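Structure file upload39.cif (mmCIF, C-alpha atoms) follows.
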data_my_file
loop_
_atom_site.label_atom_id
_atom_site.label_comp_id
_atom_site.auth_asym_id
_atom_site.auth_seq_id
_atom_site.Cartn_x
_atom_site.Cartn_y
_atom_site.Cartn_z
CA MET A 11 -128.32 25.05 9.19
CA ARG A 12 -127.06 27.89 11.42
CA ARG A 13 -125.12 25.37 13.49
CA VAL A 14 -123.37 24.05 10.36
CA ALA A 15 -122.36 27.61 9.38
CA THR A 16 -121.02 28.30 12.88
CA LEU A 17 -119.09 25.03 12.86
CA THR A 18 -117.60 25.85 9.42
CA ARG A 19 -116.52 29.31 10.65
CA ALA A 20 -114.91 27.80 13.74
CA LEU A 21 -113.06 25.23 11.65
CA LEU A 22 -111.81 27.90 9.24
CA ALA A 23 -110.62 30.06 12.15
CA ALA A 24 -108.79 27.09 13.69
CA ALA A 25 -107.13 26.28 10.35
CA ALA A 26 -106.03 29.92 9.92
CA LEU A 27 -104.62 29.94 13.46
CA ALA A 28 -102.75 26.69 12.83
CA LEU A 29 -101.32 28.03 9.57
CA ALA A 30 -100.22 31.27 11.23
CA THR A 31 -98.55 29.31 14.04
CA LEU A 32 -96.80 27.08 11.52
CA ALA A 33 -95.59 30.05 9.50
CA GLY A 34 -94.23 31.65 12.65
CA ALA A 35 -92.50 28.43 13.66
CA GLN A 36 -90.90 28.13 10.20
CA ASP A 37 -89.56 31.68 10.44
CA VAL A 38 -87.86 30.84 13.70
CA THR A 39 -86.22 27.67 12.37
CA ALA A 40 -85.23 29.24 9.06
CA ALA A 41 -83.25 32.05 10.67
CA PRO A 42 -81.88 31.27 14.10
CA SER A 43 -81.93 34.68 15.73
CA VAL A 44 -78.77 36.04 17.25
CA GLN A 45 -79.53 38.53 20.00
CA ILE A 46 -76.98 41.30 19.78
CA GLY A 47 -76.84 44.75 21.30
CA SER A 48 -76.74 48.04 19.43
CA ARG A 49 -72.95 48.30 19.80
CA ALA A 50 -72.47 44.89 18.21
CA PHE A 51 -74.91 45.91 15.49
CA ASP A 52 -72.96 49.11 14.79
CA ILE A 53 -69.70 47.18 14.54
CA SER A 54 -71.22 44.51 12.31
CA ARG A 55 -72.53 47.27 10.03
CA ASN A 56 -68.92 48.27 9.34
CA LEU A 57 -67.74 44.75 8.55
CA ARG A 58 -68.09 43.09 5.17
CA CYS A 59 -69.86 39.73 5.02
CA PRO A 60 -67.12 37.44 3.63
CA VAL A 61 -69.41 35.17 1.60
CA CYS A 62 -71.76 37.87 0.29
CA THR A 63 -71.56 40.48 -2.45
CA SER A 64 -71.55 44.04 -1.14
CA GLU A 65 -73.39 43.24 2.07
CA SER A 66 -72.41 43.98 5.62
CA VAL A 67 -72.31 41.42 8.42
CA ALA A 68 -75.30 43.26 9.93
CA ASP A 69 -77.41 42.97 6.77
CA SER A 70 -76.60 39.41 5.75
CA SER A 71 -78.53 36.32 6.75
CA ALA A 72 -75.64 34.04 5.73
CA GLU A 73 -74.61 31.61 8.43
CA ILE A 74 -71.09 33.00 8.73
CA ALA A 75 -72.51 36.53 9.13
CA GLN A 76 -74.76 35.32 11.95
CA GLN A 77 -71.77 33.69 13.63
CA MET A 78 -69.71 36.84 13.20
CA ARG A 79 -72.48 38.89 14.83
CA SER A 80 -72.58 36.61 17.85
CA LEU A 81 -68.76 36.58 17.93
CA ILE A 82 -68.77 40.40 18.04
CA GLN A 83 -71.25 40.28 20.93
CA GLU A 84 -69.00 37.78 22.72
CA LYS A 85 -66.00 40.06 22.28
CA ILE A 86 -68.01 43.00 23.66
CA ASP A 87 -69.05 40.86 26.64
CA GLU A 88 -65.37 40.03 27.18
CA GLY A 89 -64.72 43.78 27.49
CA LEU A 90 -62.94 44.41 24.18
CA SER A 91 -63.08 47.90 22.69
CA ASP A 92 -64.48 48.57 19.21
CA ALA A 93 -60.94 49.09 17.88
CA GLN A 94 -59.84 45.75 19.34
CA ILE A 95 -62.79 43.97 17.71
CA TYR A 96 -62.09 45.54 14.32
CA ALA A 97 -58.41 44.59 14.78
CA PHE A 98 -59.46 40.99 15.49
CA PHE A 99 -61.17 40.70 12.10
CA GLN A 100 -58.51 42.78 10.33
CA ALA A 101 -55.78 40.44 11.58
CA ARG A 102 -57.56 37.59 9.81
CA TYR A 103 -59.15 39.12 6.71
CA GLY A 104 -57.02 42.24 6.27
CA ASP A 105 -58.41 45.67 5.44
CA TRP A 106 -60.80 43.99 2.97
CA ILE A 107 -63.15 43.17 5.83
CA LEU A 108 -63.68 46.84 6.75
CA LEU A 109 -66.48 48.63 4.93
CA ASP A 110 -65.08 51.95 6.18
CA PRO A 111 -61.55 52.15 4.77
CA PRO A 112 -58.84 52.63 7.44
CA LYS A 113 -57.58 56.19 7.90
CA ARG A 114 -54.04 55.52 6.71
CA GLY A 115 -51.98 55.03 3.56
CA VAL A 116 -53.73 55.29 0.22
CA HIS A 117 -57.10 54.85 1.99
CA LEU A 118 -56.62 58.31 3.49
CA LEU A 119 -57.50 59.73 0.08
CA VAL A 120 -61.06 58.47 0.48
CA TRP A 121 -61.41 60.51 3.67
CA LEU A 122 -59.41 63.57 2.61
CA LEU A 123 -60.61 64.06 -0.96
CA PRO A 124 -64.23 64.97 -0.07
CA VAL A 125 -62.97 67.46 2.54
CA LEU A 126 -60.49 68.93 0.04
CA VAL A 127 -63.12 69.15 -2.70
CA GLY A 128 -65.61 70.76 -0.26
CA ALA A 129 -63.02 73.28 0.97
CA THR A 130 -62.01 74.10 -2.62
CA ALA A 131 -65.64 74.61 -3.59
CA ILE A 132 -66.17 77.01 -0.65
CA VAL A 133 -63.00 78.97 -1.58
CA VAL A 134 -64.13 79.18 -5.23
CA VAL A 135 -67.68 80.31 -4.32
CA VAL A 136 -66.41 82.92 -1.83
CA GLY A 137 -63.83 84.18 -4.36
CA MET A 138 -66.38 84.48 -7.15
CA THR A 139 -68.94 86.18 -4.91
CA ARG A 140 -66.33 88.72 -3.79
CA ARG A 141 -65.35 89.35 -7.40
CA TRP A 142 -68.99 89.91 -8.38
CA LEU A 143 -69.57 92.26 -5.44
CA ALA A 144 -66.43 94.22 -6.28
CA ALA A 145 -67.49 94.49 -9.92
CA ALA A 146 -70.93 95.74 -8.83
CA ALA A 147 -69.36 98.32 -6.49
CA LYS A 148 -67.14 99.57 -9.28
CA ALA A 149 -70.13 100.24 -11.60
CA GLU A 150 -69.42 103.22 -13.88
CA PRO A 151 -71.45 106.39 -13.14
CA ALA A 152 -74.10 107.16 -15.73
CA ASN A 153 -73.37 109.57 -18.55
CA PRO A 154 -74.73 113.05 -17.51
CA ALA A 155 -76.24 113.53 -20.96
CA ASP A 156 -78.13 110.23 -20.69
CA LEU A 157 -79.28 111.15 -17.20
CA GLU A 158 -80.59 114.45 -18.49
CA ARG A 159 -82.53 112.70 -21.26
CA VAL A 160 -84.12 110.28 -18.77
CA ARG A 161 -85.10 113.12 -16.45
CA ALA A 162 -86.63 115.05 -19.34
CA ALA A 163 -88.56 111.99 -20.47
CA LEU A 164 -89.89 111.40 -16.95
CA ALA A 165 -90.90 115.02 -16.57
CA ASP A 166 -92.62 114.94 -19.94
CA ALA A 167 -94.50 111.77 -18.99
CA ALA A 168 -95.62 113.29 -15.70
CA ALA A 169 -96.82 116.47 -17.43
CA ASN A 170 -98.79 114.65 -20.13
CA PRO A 171 -100.18 111.47 -18.61
CA ASP A 172 -102.78 111.03 -21.44
CA GLN A 173 -100.13 110.89 -24.18
CA ARG A 174 -98.42 107.78 -22.92
CA ASP A 175 -97.34 105.49 -25.68
CA THR A 176 -99.22 102.25 -25.02
CA GLY A 177 -98.39 100.67 -28.36
CA ASP A 178 -96.01 98.09 -26.85
CA ALA A 179 -97.92 97.62 -23.65
CA THR A 180 -101.15 96.09 -24.83
CA GLY A 181 -103.61 95.61 -21.99
CA GLU A 182 -101.55 97.69 -19.60
CA ASP A 183 -104.63 99.73 -18.66
CA GLY A 184 -106.92 96.76 -18.64
CA MET B 3 -56.98 84.80 -18.60
CA LYS B 4 -59.27 82.74 -20.85
CA LEU B 5 -56.43 80.30 -21.57
CA ARG B 6 -55.83 79.87 -17.85
CA ARG B 7 -59.48 79.08 -17.27
CA ILE B 8 -59.50 76.49 -20.08
CA ALA B 9 -56.32 74.92 -18.66
CA LEU B 10 -57.91 74.74 -15.19
CA ILE B 11 -61.06 73.08 -16.55
CA ALA B 12 -58.91 70.64 -18.55
CA VAL B 13 -56.95 69.69 -15.41
CA VAL B 14 -60.14 69.11 -13.39
CA VAL B 15 -61.72 67.04 -16.20
CA ALA B 16 -58.50 65.02 -16.60
CA ALA B 17 -58.36 64.36 -12.84
CA ILE B 18 -61.99 63.16 -12.75
CA GLY B 19 -61.36 61.08 -15.89
CA ALA B 20 -58.27 59.50 -14.33
CA LEU B 21 -60.25 58.62 -11.18
CA PHE B 22 -63.01 57.11 -13.33
CA ALA B 23 -60.49 55.07 -15.36
CA PHE B 24 -58.86 53.86 -12.14
CA GLY B 25 -62.26 52.75 -10.84
CA LEU B 26 -62.97 50.86 -14.07
CA LEU B 27 -59.58 49.22 -14.36
CA ARG B 28 -59.03 48.16 -10.77
CA GLY B 29 -61.33 45.15 -11.26
CA ASN B 30 -64.22 43.85 -9.23
CA PRO B 31 -63.92 45.12 -5.66
CA ASP B 32 -65.72 41.98 -4.48
CA ASP B 33 -63.16 39.71 -6.09
CA ARG B 34 -62.53 37.06 -3.44
CA ASN B 35 -59.18 36.02 -4.88
CA ILE B 36 -57.47 38.18 -2.32
CA THR B 37 -54.19 37.05 -0.83
CA SER B 38 -54.91 35.71 2.61
CA ASN B 39 -53.64 37.68 5.55
CA LEU B 40 -52.63 34.36 7.06
CA ILE B 41 -49.90 33.58 4.53
CA GLY B 42 -46.56 33.48 6.32
CA LYS B 43 -48.23 33.45 9.75
CA PRO B 44 -48.68 30.59 12.23
CA ALA B 45 -51.73 28.48 11.42
CA PRO B 46 -54.65 29.28 13.75
CA THR B 47 -55.05 26.27 15.99
CA PHE B 48 -58.30 24.44 16.66
CA ALA B 49 -59.64 21.34 18.31
CA LEU B 50 -62.88 20.07 16.76
CA PRO B 51 -64.99 16.91 17.14
CA LEU B 52 -64.22 14.19 14.62
CA TYR B 53 -66.80 12.07 12.87
CA GLU B 54 -67.13 8.63 14.44
CA ARG B 55 -65.41 6.68 11.67
CA TYR B 56 -62.10 8.40 12.52
CA TRP B 57 -62.22 7.74 16.26
CA PRO B 58 -60.15 4.51 16.13
CA ASP B 59 -57.21 6.33 14.49
CA TYR B 60 -57.47 9.87 15.86
CA GLY B 61 -59.67 9.83 18.94
CA GLU B 62 -62.82 11.92 19.29
CA THR B 63 -61.19 15.30 18.78
CA PHE B 64 -58.78 16.50 16.14
CA SER B 65 -56.33 19.06 17.49
CA LEU B 66 -54.24 20.85 14.89
CA GLN B 67 -51.55 21.57 17.44
CA ALA B 68 -50.90 17.84 17.81
CA HIS B 69 -50.08 17.55 14.10
CA VAL B 70 -47.75 20.52 13.69
CA GLY B 71 -44.34 19.21 12.63
CA ARG B 72 -45.52 17.75 9.33
CA PRO B 73 -46.97 19.35 6.21
CA LEU B 74 -50.71 19.89 6.54
CA VAL B 75 -53.54 20.24 4.05
CA ILE B 76 -56.60 21.87 5.59
CA ASN B 77 -59.69 21.73 3.43
CA PHE B 78 -62.93 23.56 4.29
CA TRP B 79 -66.13 22.15 2.84
CA ALA B 80 -69.91 22.08 3.33
CA SER B 81 -72.51 19.47 2.46
CA TRP B 82 -74.50 21.99 0.38
CA CYS B 83 -71.48 23.11 -1.65
CA LEU B 84 -71.41 21.60 -5.16
CA PRO B 85 -67.74 22.35 -5.94
CA CYS B 86 -66.89 20.44 -2.73
CA TYR B 87 -68.35 17.31 -4.35
CA GLU B 88 -66.08 17.96 -7.31
CA GLU B 89 -62.90 18.17 -5.26
CA ALA B 90 -63.58 15.46 -2.64
CA PRO B 91 -62.38 12.53 -4.83
CA VAL B 92 -59.29 14.58 -5.79
CA LEU B 93 -58.48 15.11 -2.11
CA GLN B 94 -59.01 11.44 -1.32
CA GLN B 95 -56.68 10.49 -4.18
CA ALA B 96 -54.03 12.94 -2.96
CA TRP B 97 -54.41 11.64 0.62
CA GLN B 98 -53.63 8.14 -0.64
CA THR B 99 -50.53 9.45 -2.42
CA TYR B 100 -49.19 11.96 0.10
CA GLY B 101 -50.47 10.51 3.40
CA PRO B 102 -47.82 7.78 3.40
CA GLN B 103 -45.18 10.47 2.70
CA GLY B 104 -46.02 12.21 5.95
CA VAL B 105 -48.59 14.81 4.87
CA GLN B 106 -51.60 15.17 7.15
CA PHE B 107 -54.92 16.07 5.54
CA VAL B 108 -57.92 17.30 7.52
CA GLY B 109 -61.35 18.21 6.23
CA ILE B 110 -63.39 20.82 8.10
CA GLN B 111 -67.12 20.92 7.49
CA THR B 112 -68.11 24.53 8.07
CA GLN B 113 -70.99 26.98 7.43
CA ASP B 114 -73.16 23.88 7.79
CA ARG B 115 -74.71 24.16 11.26
CA ASP B 116 -76.14 20.93 12.71
CA LYS B 117 -75.75 19.12 9.37
CA ARG B 118 -74.08 16.06 10.92
CA ASP B 119 -76.10 13.52 8.95
CA GLU B 120 -75.38 15.37 5.72
CA GLY B 121 -71.70 15.46 6.71
CA ARG B 122 -71.65 11.69 7.34
CA THR B 123 -73.33 11.08 3.97
CA PHE B 124 -70.77 13.30 2.21
CA ILE B 125 -67.84 11.51 3.87
CA ALA B 126 -69.31 8.06 3.11
CA ARG B 127 -70.05 8.99 -0.49
CA PHE B 128 -66.38 9.66 -1.21
CA ASN B 129 -65.08 7.22 1.42
CA LEU B 130 -62.79 9.94 2.75
CA GLY B 131 -59.90 8.30 4.57
CA PHE B 132 -58.43 11.49 6.04
CA PRO B 133 -59.98 12.85 9.24
CA ASN B 134 -62.98 15.16 8.96
CA VAL B 135 -64.37 17.41 11.66
CA LEU B 136 -67.42 19.61 12.08
CA ASP B 137 -66.97 23.35 12.72
CA ASN B 138 -70.56 23.68 13.87
CA ASP B 139 -70.47 27.37 14.83
CA SER B 140 -68.19 28.30 11.87
CA LEU B 141 -65.79 30.09 14.23
CA VAL B 142 -62.77 28.15 13.01
CA GLY B 143 -63.78 29.36 9.54
CA VAL B 144 -63.60 32.95 10.82
CA ASP B 145 -60.21 32.24 12.44
CA TRP B 146 -58.97 31.01 9.08
CA ALA B 147 -60.50 34.07 7.35
CA LEU B 148 -62.70 31.98 5.11
CA TYR B 149 -64.45 33.73 2.21
CA GLY B 150 -66.51 30.72 1.27
CA VAL B 151 -66.26 27.01 0.57
CA PRO B 152 -64.34 25.18 -0.66
CA GLU B 153 -61.01 26.63 0.40
CA THR B 154 -57.79 24.74 0.99
CA PHE B 155 -54.80 25.84 3.05
CA PHE B 156 -51.29 24.45 3.00
CA VAL B 157 -49.24 24.57 6.20
CA ASP B 158 -45.54 23.73 6.37
CA ALA B 159 -43.83 21.57 8.99
CA SER B 160 -43.08 24.62 11.15
CA GLY B 161 -46.81 25.33 11.43
CA LYS B 162 -46.78 28.34 9.09
CA VAL B 163 -49.51 28.89 6.48
CA VAL B 164 -47.74 28.93 3.11
CA ALA B 165 -50.57 28.92 0.58
CA LYS B 166 -54.31 29.13 0.15
CA HIS B 167 -56.44 27.88 -2.72
CA ILE B 168 -59.93 29.27 -3.27
CA GLY B 169 -62.44 27.03 -5.07
CA PRO B 170 -62.23 23.33 -5.85
CA VAL B 171 -58.66 22.13 -5.47
CA THR B 172 -57.15 20.20 -8.36
CA ALA B 173 -54.56 17.43 -8.49
CA ALA B 174 -52.14 19.87 -10.17
CA VAL B 175 -52.46 22.39 -7.31
CA LEU B 176 -52.00 19.65 -4.70
CA ASP B 177 -48.97 18.22 -6.51
CA GLN B 178 -47.39 21.64 -6.84
CA GLN B 179 -47.97 22.75 -3.25
CA LEU B 180 -47.16 19.43 -1.62
CA GLY B 181 -44.14 18.90 -3.87
CA ALA B 182 -42.76 22.20 -2.55
CA LEU B 183 -43.59 21.31 1.07
CA LEU B 184 -41.96 17.88 0.87
CA ARG B 185 -38.81 19.12 -0.84
#
Take the structure in this file and express it as structure tokens.
Amino acid sequence: MRRVATLTRALLAAAALALATLAGAQDVTAAPSVQIGSRAFDISRNLRCPVCTSESVADSSAEIAQQMRSLIQEKIDEGLSDAQIYAFFQARYGDWILLDPPKRGVHLLVWLLPVLVGATAIVVVVGMTRRWLAAAAKAEPANPADLERVRAALADAAANPDQRDTGDATGEDG
Amino acid sequence: MKLRRIALIAVVVAAIGALFAFGLLRGNPDDRNITSNLIGKPAPTFALPLYERYWPDYGETFSLQAHVGRPLVINFWASWCLPCYEEAPVLQQAWQTYGPQGVQFVGIQTQDRDKRDEGRTFIARFNLGFPNVLDNDSLVGVDWALYGVPETFFVDASGKVVAKHIGPVTAAVLDQQLGALLR
């Protein structure tokens, strides 16, 4: 009986191993891996996958994206600079292929507007802070009559500590 | 002072509103119907292996360079692409009409790695008489700035790309483009 149980366990383990191996093998055939370096990966992250919707060449598993990744690696191996590789794809697909808009023409707005908005915000905040500080510095001196009344009230309170009006301060002594 | 502040806020709100309206009205940024960068430029050349049935007429390799000098129709397709099945008989019909007039058609199976058997089945199914090649690594597709399949390019006799059609090509498009090229 024990031998049957051991045999069953061994068979189950072998089946699990076979399944795991099969699953691994299927992964490999389903997505032929393209070994690319980090530079190629960075470039492919800035290129739009032509057949996808809002996906970069780096993110897509589409066949053309895989080919573009290996093409980028080839171009790097040939000694091309990043700019030359971007220019290669731009010459074919136009600016559309770039996920980062080029820093020229109307695209410049995309780069300049955030800087302009940030700078404007800083100017506004600094201006308002200065205005508030100036207003605080220019605070009108207290009326001497009012000051005298406050002093008298304080002196009175100090002289008669037991007669403090606690009507509005319930639990103050508790 | 208060009026100035209201005017300033109104300007800022109007500017943001204008930007928002521009974003809404400019259409889908992923719209693939973008004019090809290749239009007006020399057709990227290629030499790709032909399917066996075309060897007697064209040899084992189809080189685009060898066919410059006559109007060309370059059609990209894949065996998994349903619209390609829709346009294949249209292309075959047009080949029978315009081939004798000097137009060279070529079909390029792309984004279809190692799918030779599927390619042969596709070609046999529509009995495609014009040469068909396999772009196994899809690099010719990148050279031609392909967005997807099917796409069809028209090249004039000087070797310049004159038009591109995205999606299944129709008889009307072929007649219009080839009529202009043969004029």
Would you mind listing, for every residue of chain A within 7 Å of chain B, the two atoms forming the shortest contact and the distance between them in Å to one decimal, using only C-alpha atoms, sorted by chain and ascending residue number, as CSV?
residue,atom,partner,partner_atom,distance
A:Pro60,CA,B:Tyr149,CA,4.8
A:Val61,CA,B:Tyr149,CA,5.2
A:Thr63,CA,B:Asp32,CA,6.4
A:Glu73,CA,B:Gln113,CA,6.0
A:Ile74,CA,B:Gln113,CA,6.2
A:Gln77,CA,B:Asp139,CA,6.6
A:Ala101,CA,B:Asn39,CA,7.0
A:Arg102,CA,B:Ala147,CA,5.2
A:Tyr103,CA,B:Ala147,CA,5.3
A:Gly104,CA,B:Asn39,CA,5.7
Could the centre and edge lengths of an axis-aligned box, enclosing all atoms of segment 79-87 of chain A in the file with 5 Å extra on each side, be given in Å to one decimal as JSON?
{"center_x": -69.3, "center_y": 39.8, "center_z": 20.7, "size_x": 16.6, "size_y": 16.4, "size_z": 21.8}
Spell out the residues picked by the PyMOL selection byres ((chain A and resi 106-121) around 8) here, as a CSV table (one decimal) with C-alpha atoms, in the coordinates of the input.
chain,number,residue,atom,x,y,z
A,56,ASN,CA,-68.9,48.3,9.3
A,57,LEU,CA,-67.7,44.8,8.6
A,58,ARG,CA,-68.1,43.1,5.2
A,59,CYS,CA,-69.9,39.7,5.0
A,60,PRO,CA,-67.1,37.4,3.6
A,66,SER,CA,-72.4,44.0,5.6
A,96,TYR,CA,-62.1,45.5,14.3
A,99,PHE,CA,-61.2,40.7,12.1
A,100,GLN,CA,-58.5,42.8,10.3
A,103,TYR,CA,-59.2,39.1,6.7
A,104,GLY,CA,-57.0,42.2,6.3
A,105,ASP,CA,-58.4,45.7,5.4
A,122,LEU,CA,-59.4,63.6,2.6
A,123,LEU,CA,-60.6,64.1,-1.0
A,124,PRO,CA,-64.2,65.0,-0.1
A,125,VAL,CA,-63.0,67.5,2.5
task: Report the residues retrieved by the PyMOL selection byres ((chain B and resi 56) around 10) from the displayed file, expressed as a VMD selection string.
output: chain B and resid 52 to 55 57 to 64 130 to 135
- prompt: atom CA of Gly47 of chain A to atom CA of Ile95 of chain A: how many Å, to one decimal?
  reply: 14.5 Å
message: On this structure, the PyMOL selection byres ((chain B and resi 105) around 9) would catch which residues? List them as a list in words, sorted by chain and number.
response: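 That selection, the PyMOL selection byres ((chain B and resi 105) around 9), comes back as Arg72, Pro73, Leu74, Val75, Trp97, Tyr100, Gly101, Pro102, Gln103, Gly104, Gln106, Phe107, Leu180 and Leu184 of chain B.
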message: Excluding Asp177 of chain B and its own-chain neighbours fewer than 2 positions away, which residues fall within 12 Å of it when counting only C-alpha atoms? Please give them as a list of chain:residue names.
response: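 Answer for this query is B:Val75, B:Val92, B:Leu93, B:Gln95, B:Ala96, B:Trp97, B:Thr99, B:Tyr100, B:Val105, B:Phe156, B:Val171, B:Thr172, B:Ala173, B:Ala174, B:Val175, B:Gln179, B:Leu180, B:Gly181, B:Ala182, B:Leu183, B:Leu184, B:Arg185.
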Exercise: Ala45 of chain B partners within 6 Å, only C-alpha atoms, chain neighbours under 6 positions left out, as a PyMOL selection string: chain B and resi 161-163
message: One number please: atom CA of Ile125 of chain B to atom CA of Thr154 of chain B, in Å, one decimal.
response: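 Separation of atom CA of Ile125 of chain B and atom CA of Thr154 of chain B: 16.9 Å.
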task: Go through B:Leu10, B:Ala16, B:Lys4, B:Ala159 and flag the residue nearest Leu66 of chain B, using only C-alpha atoms for the distances.
output: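 Checking each of B:Leu10, B:Ala16, B:Lys4, B:Ala159 against Leu66 of chain B, counting only C-alpha atoms, the winner is B:Ala159.
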task: Considering all atoms listed in the file, state which residue in the set B:Ala23, B:Val13, B:Ala165, B:Val142 is at the smallest distance from Phe78 of chain B.
output: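 Smallest distance to Phe78 of chain B is found for B:Val142.
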Provide segment 157-174 of chain B rebuilt to N, CA, C and O atoms, formatted as a CSV table (one decimal), in the frame of the given file.
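The result, written out as rebuild13.csv:
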chain,number,residue,atom,x,y,z
B,157,VAL,N,-50.0,24.1,5.0
B,157,VAL,CA,-49.2,24.6,6.2
B,157,VAL,C,-47.9,23.8,6.2
B,157,VAL,O,-48.0,22.5,6.0
B,158,ASP,N,-46.8,24.5,6.4
B,158,ASP,CA,-45.5,23.7,6.4
B,158,ASP,C,-45.3,23.1,7.7
B,158,ASP,O,-46.0,23.2,8.7
B,159,ALA,N,-44.1,22.4,7.8
B,159,ALA,CA,-43.8,21.6,9.0
B,159,ALA,C,-43.6,22.5,10.2
B,159,ALA,O,-43.7,22.0,11.4
B,160,SER,N,-43.3,23.7,10.0
B,160,SER,CA,-43.1,24.6,11.2
B,160,SER,C,-44.4,25.2,11.7
B,160,SER,O,-44.4,25.9,12.6
B,161,GLY,N,-45.5,24.9,11.0
B,161,GLY,CA,-46.8,25.3,11.4
B,161,GLY,C,-47.2,26.7,10.8
B,161,GLY,O,-48.1,27.3,11.3
B,162,LYS,N,-46.5,27.1,9.8
B,162,LYS,CA,-46.8,28.3,9.1
B,162,LYS,C,-47.7,28.1,7.9
B,162,LYS,O,-47.4,27.2,7.1
B,163,VAL,N,-48.7,29.0,7.7
B,163,VAL,CA,-49.5,28.9,6.5
B,163,VAL,C,-48.7,29.4,5.3
B,163,VAL,O,-48.2,30.5,5.3
B,164,VAL,N,-48.6,28.5,4.3
B,164,VAL,CA,-47.7,28.9,3.1
B,164,VAL,C,-48.6,29.2,1.9
B,164,VAL,O,-48.1,29.9,1.0
B,165,ALA,N,-49.8,28.7,1.8
B,165,ALA,CA,-50.6,28.9,0.6
B,165,ALA,C,-52.0,28.7,0.9
B,165,ALA,O,-52.4,28.0,1.8
B,166,LYS,N,-52.9,29.3,0.0
B,166,LYS,CA,-54.3,29.1,0.2
B,166,LYS,C,-54.9,29.0,-1.3
B,166,LYS,O,-54.5,29.7,-2.2
B,167,HIS,N,-55.8,28.0,-1.4
B,167,HIS,CA,-56.4,27.9,-2.7
B,167,HIS,C,-57.9,28.1,-2.5
B,167,HIS,O,-58.6,27.4,-1.7
B,168,ILE,N,-58.5,29.0,-3.3
B,168,ILE,CA,-59.9,29.3,-3.3
B,168,ILE,C,-60.6,28.5,-4.4
B,168,ILE,O,-60.1,28.5,-5.5
B,169,GLY,N,-61.7,27.8,-4.1
B,169,GLY,CA,-62.4,27.0,-5.1
B,169,GLY,C,-62.0,25.6,-5.0
B,169,GLY,O,-61.1,25.2,-4.2
B,170,PRO,N,-62.6,24.8,-5.9
B,170,PRO,CA,-62.2,23.3,-5.8
B,170,PRO,C,-60.8,23.1,-6.2
B,170,PRO,O,-60.2,23.6,-7.2
B,171,VAL,N,-60.1,22.4,-5.3
B,171,VAL,CA,-58.7,22.1,-5.5
B,171,VAL,C,-58.5,21.0,-6.5
B,171,VAL,O,-59.3,20.1,-6.6
B,172,THR,N,-57.4,21.2,-7.3
B,172,THR,CA,-57.2,20.2,-8.4
B,172,THR,C,-55.9,19.4,-8.0
B,172,THR,O,-55.1,19.8,-7.2
B,173,ALA,N,-55.7,18.3,-8.7
B,173,ALA,CA,-54.6,17.4,-8.5
B,173,ALA,C,-53.3,18.2,-8.8
B,173,ALA,O,-52.3,18.1,-8.1
B,174,ALA,N,-53.3,19.1,-9.8
B,174,ALA,CA,-52.1,19.9,-10.2
B,174,ALA,C,-51.7,20.8,-9.0
B,174,ALA,O,-50.6,20.9,-8.7
